[in-house]
$ cat query-v1.txt   # compact mmCIF, N, CA and C atoms
# COMPACT_ATOMS: atom_id res chain seq x y z
N MET A 1 107.76 91.98 105.59
CA MET A 1 106.79 91.12 104.95
C MET A 1 105.55 91.01 105.83
N ALA A 2 104.40 91.03 105.24
CA ALA A 2 103.15 90.99 106.00
C ALA A 2 102.95 89.65 106.71
N THR A 3 103.54 88.59 106.20
CA THR A 3 103.34 87.27 106.80
C THR A 3 104.49 86.84 107.69
N GLN A 4 105.43 87.71 107.92
CA GLN A 4 106.59 87.36 108.76
C GLN A 4 106.12 87.02 110.17
N HIS A 5 106.63 85.95 110.70
CA HIS A 5 106.32 85.46 112.05
C HIS A 5 104.88 84.96 112.17
N LYS A 6 104.26 84.61 111.06
CA LYS A 6 102.91 84.05 111.08
C LYS A 6 102.94 82.69 110.40
N ASN A 7 102.37 81.69 111.04
CA ASN A 7 102.30 80.36 110.46
C ASN A 7 101.04 80.29 109.60
N LEU A 8 101.21 80.33 108.29
CA LEU A 8 100.06 80.33 107.39
C LEU A 8 99.38 78.98 107.30
N SER A 9 99.98 77.95 107.90
CA SER A 9 99.36 76.63 107.92
C SER A 9 98.32 76.50 109.02
N LEU A 10 98.31 77.45 109.94
CA LEU A 10 97.34 77.41 111.03
C LEU A 10 96.11 78.23 110.63
N PHE A 11 95.03 77.53 110.31
CA PHE A 11 93.78 78.20 109.97
C PHE A 11 92.64 77.29 110.37
N ASP A 12 91.47 77.85 110.55
CA ASP A 12 90.29 77.10 110.94
C ASP A 12 89.52 76.71 109.69
N LYS A 13 89.46 75.42 109.40
CA LYS A 13 88.77 74.96 108.19
C LYS A 13 87.28 75.27 108.23
N ALA A 14 86.74 75.49 109.42
CA ALA A 14 85.31 75.84 109.55
C ALA A 14 85.03 77.22 108.96
N ASP A 15 86.04 78.07 108.87
CA ASP A 15 85.88 79.42 108.31
C ASP A 15 85.94 79.43 106.78
N ILE A 16 86.29 78.32 106.18
CA ILE A 16 86.45 78.25 104.73
C ILE A 16 85.17 77.65 104.12
N PRO A 17 84.63 78.28 103.08
CA PRO A 17 83.43 77.72 102.43
C PRO A 17 83.75 76.36 101.80
N SER A 18 82.75 75.54 101.67
CA SER A 18 82.93 74.21 101.09
C SER A 18 83.42 74.32 99.65
N ALA A 19 84.35 73.47 99.30
CA ALA A 19 84.91 73.46 97.95
C ALA A 19 84.27 72.38 97.08
N LYS A 20 83.18 71.79 97.57
CA LYS A 20 82.57 70.66 96.89
C LYS A 20 82.17 70.96 95.44
N SER A 21 81.63 72.13 95.18
CA SER A 21 81.15 72.44 93.83
C SER A 21 82.16 73.23 93.00
N MET A 22 83.37 73.40 93.51
CA MET A 22 84.39 74.19 92.81
C MET A 22 85.35 73.30 92.04
N ARG A 23 85.96 73.89 91.00
CA ARG A 23 87.00 73.20 90.24
C ARG A 23 88.31 73.94 90.45
N PHE A 24 89.40 73.19 90.49
CA PHE A 24 90.71 73.77 90.76
C PHE A 24 91.72 73.30 89.74
N GLY A 25 92.63 74.16 89.41
CA GLY A 25 93.75 73.81 88.55
C GLY A 25 95.05 74.06 89.29
N ILE A 26 95.93 73.07 89.27
CA ILE A 26 97.24 73.20 89.90
C ILE A 26 98.29 72.95 88.83
N VAL A 27 99.18 73.91 88.66
CA VAL A 27 100.28 73.76 87.71
C VAL A 27 101.55 73.52 88.53
N VAL A 28 102.24 72.44 88.21
CA VAL A 28 103.43 72.07 88.97
C VAL A 28 104.61 71.82 88.03
N ALA A 29 105.78 72.31 88.43
CA ALA A 29 106.99 72.13 87.63
C ALA A 29 107.63 70.78 87.95
N ASN A 30 108.12 70.10 86.93
CA ASN A 30 108.82 68.83 87.12
C ASN A 30 110.27 69.04 87.56
N TRP A 31 110.80 70.22 87.33
CA TRP A 31 112.16 70.53 87.75
C TRP A 31 112.18 70.55 89.27
N ASN A 32 113.11 69.97 89.90
CA ASN A 32 113.23 69.89 91.36
C ASN A 32 112.01 69.20 91.97
N GLU A 33 111.73 68.01 91.49
CA GLU A 33 110.54 67.25 91.90
C GLU A 33 110.48 67.00 93.40
N GLU A 34 111.63 66.92 94.05
CA GLU A 34 111.65 66.69 95.49
C GLU A 34 110.86 67.78 96.23
N VAL A 35 110.97 69.00 95.76
CA VAL A 35 110.26 70.12 96.38
C VAL A 35 108.85 70.24 95.82
N THR A 36 108.73 70.24 94.50
CA THR A 36 107.43 70.53 93.88
C THR A 36 106.40 69.44 94.14
N ASN A 37 106.84 68.18 94.22
CA ASN A 37 105.87 67.12 94.51
C ASN A 37 105.32 67.24 95.92
N GLY A 38 106.14 67.65 96.87
CA GLY A 38 105.66 67.88 98.23
C GLY A 38 104.65 69.01 98.29
N LEU A 39 104.92 70.08 97.54
CA LEU A 39 103.98 71.20 97.48
C LEU A 39 102.67 70.78 96.83
N LEU A 40 102.77 69.99 95.76
CA LEU A 40 101.57 69.50 95.08
C LEU A 40 100.72 68.64 96.01
N GLN A 41 101.35 67.70 96.69
CA GLN A 41 100.60 66.82 97.58
C GLN A 41 99.95 67.60 98.72
N GLY A 42 100.65 68.59 99.26
CA GLY A 42 100.09 69.41 100.32
C GLY A 42 98.90 70.22 99.85
N ALA A 43 99.00 70.81 98.67
CA ALA A 43 97.89 71.60 98.12
C ALA A 43 96.68 70.71 97.84
N LYS A 44 96.93 69.55 97.23
CA LYS A 44 95.84 68.64 96.91
C LYS A 44 95.16 68.12 98.18
N GLN A 45 95.95 67.75 99.17
CA GLN A 45 95.40 67.25 100.43
C GLN A 45 94.55 68.32 101.13
N THR A 46 95.03 69.55 101.11
CA THR A 46 94.28 70.64 101.74
C THR A 46 92.95 70.86 101.03
N LEU A 47 92.95 70.82 99.70
CA LEU A 47 91.71 70.98 98.95
C LEU A 47 90.73 69.86 99.27
N LEU A 48 91.22 68.63 99.34
CA LEU A 48 90.36 67.49 99.66
C LEU A 48 89.78 67.61 101.07
N GLU A 49 90.59 68.07 102.01
CA GLU A 49 90.12 68.25 103.37
C GLU A 49 89.07 69.36 103.47
N CYS A 50 89.09 70.27 102.52
CA CYS A 50 88.11 71.37 102.51
C CYS A 50 86.90 71.04 101.66
N GLY A 51 86.76 69.77 101.26
CA GLY A 51 85.56 69.33 100.57
C GLY A 51 85.64 69.23 99.06
N ALA A 52 86.79 69.54 98.48
CA ALA A 52 86.92 69.44 97.03
C ALA A 52 86.79 67.99 96.58
N VAL A 53 86.23 67.80 95.42
CA VAL A 53 86.10 66.48 94.82
C VAL A 53 87.35 66.22 93.99
N GLU A 54 87.96 65.05 94.16
CA GLU A 54 89.24 64.78 93.48
C GLU A 54 89.14 64.94 91.96
N SER A 55 88.00 64.58 91.38
CA SER A 55 87.86 64.71 89.92
C SER A 55 87.78 66.18 89.49
N ASN A 56 87.58 67.10 90.41
CA ASN A 56 87.53 68.53 90.10
C ASN A 56 88.87 69.22 90.34
N ILE A 57 89.90 68.44 90.62
CA ILE A 57 91.25 68.99 90.78
C ILE A 57 92.06 68.57 89.56
N ILE A 58 92.38 69.53 88.72
CA ILE A 58 93.11 69.27 87.49
C ILE A 58 94.57 69.65 87.70
N ILE A 59 95.46 68.72 87.44
CA ILE A 59 96.89 68.95 87.65
C ILE A 59 97.59 68.96 86.30
N MET A 60 98.34 70.03 86.04
CA MET A 60 99.12 70.13 84.81
C MET A 60 100.59 70.21 85.18
N GLU A 61 101.37 69.34 84.60
CA GLU A 61 102.81 69.34 84.85
C GLU A 61 103.52 70.05 83.71
N VAL A 62 104.49 70.87 84.07
CA VAL A 62 105.31 71.58 83.08
C VAL A 62 106.78 71.29 83.41
N PRO A 63 107.69 71.46 82.43
CA PRO A 63 109.09 71.10 82.64
C PRO A 63 109.80 71.91 83.74
N GLY A 64 109.57 73.21 83.80
CA GLY A 64 110.30 74.03 84.76
C GLY A 64 109.50 75.24 85.19
N SER A 65 110.13 76.08 86.00
CA SER A 65 109.43 77.24 86.54
C SER A 65 109.06 78.26 85.46
N PHE A 66 109.86 78.38 84.43
CA PHE A 66 109.58 79.31 83.34
C PHE A 66 108.23 79.00 82.68
N GLU A 67 107.89 77.72 82.57
CA GLU A 67 106.67 77.30 81.88
C GLU A 67 105.42 77.35 82.76
N LEU A 68 105.55 77.67 84.04
CA LEU A 68 104.39 77.72 84.92
C LEU A 68 103.32 78.67 84.40
N VAL A 69 103.73 79.81 83.88
CA VAL A 69 102.76 80.78 83.38
C VAL A 69 101.99 80.24 82.18
N PHE A 70 102.64 79.42 81.36
CA PHE A 70 101.96 78.85 80.20
C PHE A 70 100.99 77.75 80.63
N GLY A 71 101.31 77.04 81.69
CA GLY A 71 100.39 76.04 82.23
C GLY A 71 99.15 76.70 82.83
N ALA A 72 99.36 77.85 83.45
CA ALA A 72 98.23 78.57 84.04
C ALA A 72 97.33 79.11 82.95

$ encode --input "query-v1.txt" --output "structure tokens"
Amino acid sequence: MATQHKNLSLFDKADIPSAKSMRFGIVVANWNEEVTNGLLQGAKQTLLECGAVESNIIIMEVPGSFELVFGA
């Protein structure tokens, strides 16, 4: 795997362009909420830290992993 032994959470936010004028969509499955809610919160927090405006982050919940493609 290309990412083996690499921590993808370590990055320099200064290298990322501002997300202030961008819109984002996040599709999250309700199945196994213990895992998916943590992933959702992490993704949302990272976007906010990179300058995204909360009103430009659209979150769609779907019942399970099969429906993720339909949410996208």

$ atom_distance --input "query-v1.txt" --atom1 "atom C of Glu33 in chain A" --atom2 "atom C of Met60 in chain A"
13.3 Å

$ closest_residue --input "query-v1.txt" --among "A:Val62, A:Leu10, A:Ile26, A:Asn56" --to "Ala43 in chain A" --atoms "only C-alpha atoms"
A:Ile26

$ select_by_dssp --input "query-v1.txt" --residues "chain A" --states "alpha helix (DSSP H)" --output "NGL selection string"
:A and (33-49 or 68-71)

$ residues_around --input "query-v1.txt" --residues "Ala14 in chain A" --least-positions-apart "3" --cutoff "12 Å" --atoms "only C-alpha atoms" --output "list in words"
Phe11, Pro17, Ser18, Ala19, Glu49, Cys50 and Gly51 of chain A

$ residues_around --input "query-v1.txt" --residues "Arg23 in chain A" --least-positions-apart "4" --cutoff "8 Å" --atoms "all atoms listed in the file" --output "VMD selection string"
chain A and resid 19 52 to 53 55 to 58

$ closest_residue --input "query-v1.txt" --among "A:Asp15, A:Glu34, A:Gly25, A:Lys20" --to "Ile59 in chain A" --atoms "all atoms listed in the file"
A:Gly25

$ atom_distance --input "query-v1.txt" --atom1 "CA of Trp31 in chain A" --atom2 "CA of Gly64 in chain A"
5.0 Å

$ closest_residue --input "query-v1.txt" --among "A:Gly71, A:Phe66, A:Ser9, A:Glu54" --to "Val27 in chain A" --atoms "only C-alpha atoms"
A:Gly71

$ axis_aligned_box --input "query-v1.txt" --around "range 14-29 of chain A" --padding-each-side "4 Å" --output "JSON"
{"center_x": 94.4, "center_y": 75.0, "center_z": 98.6, "size_x": 34.5, "size_y": 16.8, "size_z": 29.9}

$ atom_distance --input "query-v1.txt" --atom1 "CA of Ser65 in chain A" --atom2 "atom N of Asn32 in chain A"
8.8 Å

$ select_by_dssp --input "query-v1.txt" --residues "chain A" --states "strand (DSSP E)" --output "PyMOL selection string"
chain A and resi 24-29+57-62
